[in-house]
Amino acid sequence: MITRAQAEALDLADPLKGKRQLFVLPENTIYLDGNSLGPLPRHVAERLAGAVAEEWGQSLIRGWNTHGWFDLPRVLGDRIGKLIGAKPGTVLAADSTSINLVKVLTAALGLRPGRRVILSDSGNFPSDLYVAQGVIKALGGGVELRIVAPEEVEAALGDDLAVLMLTEVDYRTGRRHDMKTLIAKAQAKGALAIWDLCHSAGAFPVDLSGANTDFAVGCGYKYLNGGPGAPAFVYVRPDLQDKIVPSLSGWMGHAAPFAFDLDYRPAQGIDRLRAGTPGVLSMIALDSALDVWDGVDLTLLRDKSVRLADLFISEVEGRCGAYGLRLASPRDAAQRGSQVSFHCDDGYAVMQALIAQGVIGDFRAPDIIRFGLTPLYIGFTDVWDAARILERVMAERLWDQPQFKKRAAVT
Ligand SMILES: Cc1ncc(COP(=O)(O)O)c(C=O)c1O
Ligand SMILES: Nc1c(O)cccc1C(=O)C[C@H](N)C(=O)O
């Protein structure tokens, strides 16, 4: 444990400290939930207002050409690609993570006919498992979703494997898979690998090309700060792009959308992953939000993320261990994403009481309180203060009140 003055000294020496002022952060709030919804980058409101008034208001339908609306999915894809080690032309910003997963899962199964198994793990985000279940039903069966414990994935890679479908960072515990190794082992079995990077993109450096990733998806509203419901992204390895047969074969992914042919012909390259009309205003918000990454060295980002997490773990364990909080995240930073979670009895009420004290994290059933550590706008003093406030919530049993026990619709 350290003193508050020591935490302040760490902030003063932080090479990323200048980035914080780029964000709108409400007063008296310590925001440790950027792994669920990133905060508003300050300049986005003006850019969005300008886009509404000028681009939509004045240019009307001409905006598709004059403001480059049609190209936004590719342009944003390339910007996101720089954060995840993807080459230009391999990432598309589009739709939601769940929808993009339908696209790549059906594409991958189409490339491995006769193979029966989609392998995933019980730490995956449930939407991904639901998508796989839905795809299997829509295909009329013949494929099985096999779910194993995260630590059993490697041993479960069999000769009948069609697709390994995993989320790199466990949304509850922050446990991180060894993506490169698992991809190589799945490919050695003749399978394809799909990675969900929702809790990776913008959280630490990702190297999709270096890991020879087949497919990846991820969202724009967490560490990329694109706003609620921001466009997601999808990655396809260059040599697979023209081999895949899109199942969501909408007109915007057609080779010639404005020829209005009656028959579908897929576009070349990543464009065939487009389906329908993109949400242009959301694309513009995400495009603008991505400016905060200009000049950011992702190795510095990771270094700060690890140090924030180590400090938070030591402060919370030191202050709250006596109240039964237990670390749910890996202690070894190399096996963690950019969040820290604790098992906590009455965790929902504890988190609500903490939020009432100005520290925003979230709760994930059955007993996890979860804290996102986002180095662009969170500092060492923030996590020190958050641990101290959590100690007060526990010591004074501030959580033990009826209003903190009533579950909201969205947690
Ligand atoms: C790992 C992961 N995958 C998928 C999703 C679902 O994304 P969406 O609701 O944007 O489709 C989320 C979060 O909601 C997530 O954390
Ligand atoms: N996508 C969300 C939403 O629409 C509402 C509330 C939360 C979310 C989330 O992103 C949850 C998130 N995927 C998680 O890691 O738990």
# chains A, B, ... in the order shown; residues from 1 in each chain; ligands from 1

$ residues_around --residues "segment 374-376 of chain A" --least-positions-apart "4" --cutoff "6 Å" --atoms "only C-alpha atoms" --output "number ranges by chain"
A: 19-20, 305

$ residues_near_ligand --ligand "ligand 1" --cutoff "10 Å" --atoms "only C-alpha atoms and all ligand atoms" --output "MDAnalysis selection string"
chainID A and resid 35:37 95:101 123:129 131 166:172 195:200 217:222 228:233

$ residues_around --residues "Ala49 of chain A" --least-positions-apart "3" --cutoff "12 Å" --atoms "only C-alpha atoms" --output "list in words"
His43, Val44, Ala45, Glu46, Val52, Ala53, Glu54, Glu55, Trp56, Gly57, Leu281, Ser282, Ile284, Ala285 and Ser288 of chain A

$ write_last_selection --atoms "C-alpha atoms" --output "tab-separated table (two decimals), in the first residue's frame"
chain	number	residue	atom	x	y	z
A	43	HIS	CA	-14.60	17.47	-28.87
A	44	VAL	CA	-17.14	14.89	-30.07
A	45	ALA	CA	-20.22	16.94	-29.13
A	46	GLU	CA	-19.18	19.80	-31.41
A	52	VAL	CA	-26.10	17.15	-37.91
A	53	ALA	CA	-26.44	20.83	-38.85
A	54	GLU	CA	-24.15	20.94	-41.88
A	55	GLU	CA	-23.69	17.46	-43.29
A	56	TRP	CA	-27.22	16.18	-42.76
A	57	GLY	CA	-29.00	19.55	-42.53
A	281	LEU	CA	-24.08	9.87	-37.14
A	282	SER	CA	-22.78	7.09	-34.91
A	284	ILE	CA	-19.04	10.22	-37.15
A	285	ALA	CA	-19.13	10.14	-33.33
A	288	SER	CA	-14.21	11.82	-33.79

$ residues_around --residues "Ala211 of chain A" --least-positions-apart "6" --cutoff "10 Å" --atoms "only C-alpha atoms" --output "list in words"
Gly85, Met179, Lys180, Thr181, Leu182, Ile183 and Ala184 of chain A

$ write_last_selection --atoms "N, CA and C atoms" --output "PDB file, in the first residue's frame"
ATOM      1  N   GLY A  85      -3.391  -3.972 -34.454  1.00  0.00           N
ATOM      2  CA  GLY A  85      -2.364  -4.671 -35.248  1.00  0.00           C
ATOM      3  C   GLY A  85      -2.904  -5.271 -36.530  1.00  0.00           C
ATOM      4  N   MET A 179      -3.831 -15.630 -26.958  1.00  0.00           N
ATOM      5  CA  MET A 179      -4.476 -15.663 -28.282  1.00  0.00           C
ATOM      6  C   MET A 179      -3.574 -16.307 -29.339  1.00  0.00           C
ATOM      7  N   LYS A 180      -2.321 -15.890 -29.370  1.00  0.00           N
ATOM      8  CA  LYS A 180      -1.424 -16.370 -30.430  1.00  0.00           C
ATOM      9  C   LYS A 180      -1.246 -17.891 -30.369  1.00  0.00           C
ATOM     10  N   THR A 181      -1.039 -18.389 -29.163  1.00  0.00           N
ATOM     11  CA  THR A 181      -0.830 -19.834 -29.010  1.00  0.00           C
ATOM     12  C   THR A 181      -2.083 -20.608 -29.392  1.00  0.00           C
ATOM     13  N   LEU A 182      -3.241 -20.135 -28.924  1.00  0.00           N
ATOM     14  CA  LEU A 182      -4.478 -20.880 -29.206  1.00  0.00           C
ATOM     15  C   LEU A 182      -4.816 -20.854 -30.694  1.00  0.00           C
ATOM     16  N   ILE A 183      -4.534 -19.731 -31.342  1.00  0.00           N
ATOM     17  CA  ILE A 183      -4.795 -19.663 -32.790  1.00  0.00           C
ATOM     18  C   ILE A 183      -3.920 -20.695 -33.509  1.00  0.00           C
ATOM     19  N   ALA A 184      -2.648 -20.702 -33.174  1.00  0.00           N
ATOM     20  CA  ALA A 184      -1.731 -21.639 -33.851  1.00  0.00           C
ATOM     21  C   ALA A 184      -2.185 -23.088 -33.629  1.00  0.00           C
TER      22      ALA A 184
END

$ atom_distance --atom1 "atom CA of Gly253 of chain A" --atom2 "atom CA of Val104 of chain A"
14.0 Å

$ closest_residue --among "A:Val206, A:Ala275, A:Leu12, A:Ile360" --to "Pro246 of chain A" --atoms "only C-alpha atoms"
A:Ala275

$ atom_distance --atom1 "atom CA of Gly141 of chain A" --atom2 "atom CA of Arg112 of chain A"
14.8 Å

$ residues_around --residues "Thr29 of chain A" --least-positions-apart "6" --cutoff "12 Å" --atoms "only C-alpha atoms" --output "list in words"
Pro39, Leu354, Ile355, Ala356, Gln357, Gly358, Val359, Ile360, Gly361, Ile378, Asp382, Val383, Asp385, Ala386 and Ile389 of chain A

$ select_by_dssp --residues "segment 117-161 of chain A" --states "strand (DSSP E or B)" --output "ChimeraX atom specification"
/A:117-121,144-148,161

$ write_last_selection --atoms "C-alpha atoms" --output "short mmCIF file (atom, residue, chain, number, x, y, z; two decimals), in the first residue's frame"
data_model
loop_
_atom_site.label_atom_id
_atom_site.label_comp_id
_atom_site.auth_asym_id
_atom_site.auth_seq_id
_atom_site.Cartn_x
_atom_site.Cartn_y
_atom_site.Cartn_z
CA VAL A 117 -17.69 -28.39 -33.63
CA ILE A 118 -17.68 -24.76 -32.57
CA LEU A 119 -15.54 -24.62 -29.42
CA SER A 120 -15.98 -21.85 -26.87
CA ASP A 121 -15.61 -21.39 -23.14
CA GLU A 144 -22.44 -28.52 -32.15
CA LEU A 145 -21.45 -25.75 -29.74
CA ARG A 146 -19.02 -27.22 -27.21
CA ILE A 147 -18.45 -25.09 -24.11
CA VAL A 148 -15.54 -25.92 -21.81
CA LEU A 161 -13.07 -28.63 -34.77
#

$ closest_residue --among "A:Ile369, A:Leu390, A:Ala186, A:Leu92" --to "ligand 2" --atoms "only C-alpha atoms and all ligand atoms"
A:Ile369

$ select_by_dssp --residues "segment 46-263 of chain A" --states "alpha helix (DSSP H)" --output "JSON, numbers by chain"
{"A": [46, 47, 48, 49, 50, 63, 64, 65, 66, 72, 73, 74, 75, 76, 77, 78, 79, 80, 81, 82, 83, 97, 98, 99, 100, 101, 102, 103, 104, 105, 106, 107, 108, 109, 110, 111, 126, 127, 128, 129, 130, 131, 132, 133, 134, 135, 136, 137, 138, 179, 180, 181, 182, 183, 184, 185, 186, 187, 188, 238, 239, 240, 241]}

$ residues_around --residues "Lys87 of chain A" --least-positions-apart "6" --cutoff "10 Å" --atoms "only C-alpha atoms" --output "ChimeraX atom specification"
/A:77-78,81,208-209,235,237-238

$ closest_residue --among "A:Tyr223, A:Tyr264, A:Trp64, A:Phe380" --to "ligand 2" --atoms "only C-alpha atoms and all ligand atoms"
A:Tyr223

$ closest_residue --among "A:Ala7, A:Val393, A:Ala387, A:Val410" --to "ligand 2" --atoms "only C-alpha atoms and all ligand atoms"
A:Val410

$ residues_around --residues "Ala108 of chain A" --least-positions-apart "5" --cutoff "9 Å" --atoms "only C-alpha atoms" --output "ChimeraX atom specification"
/A:103,162-163,191-194,214-215,244
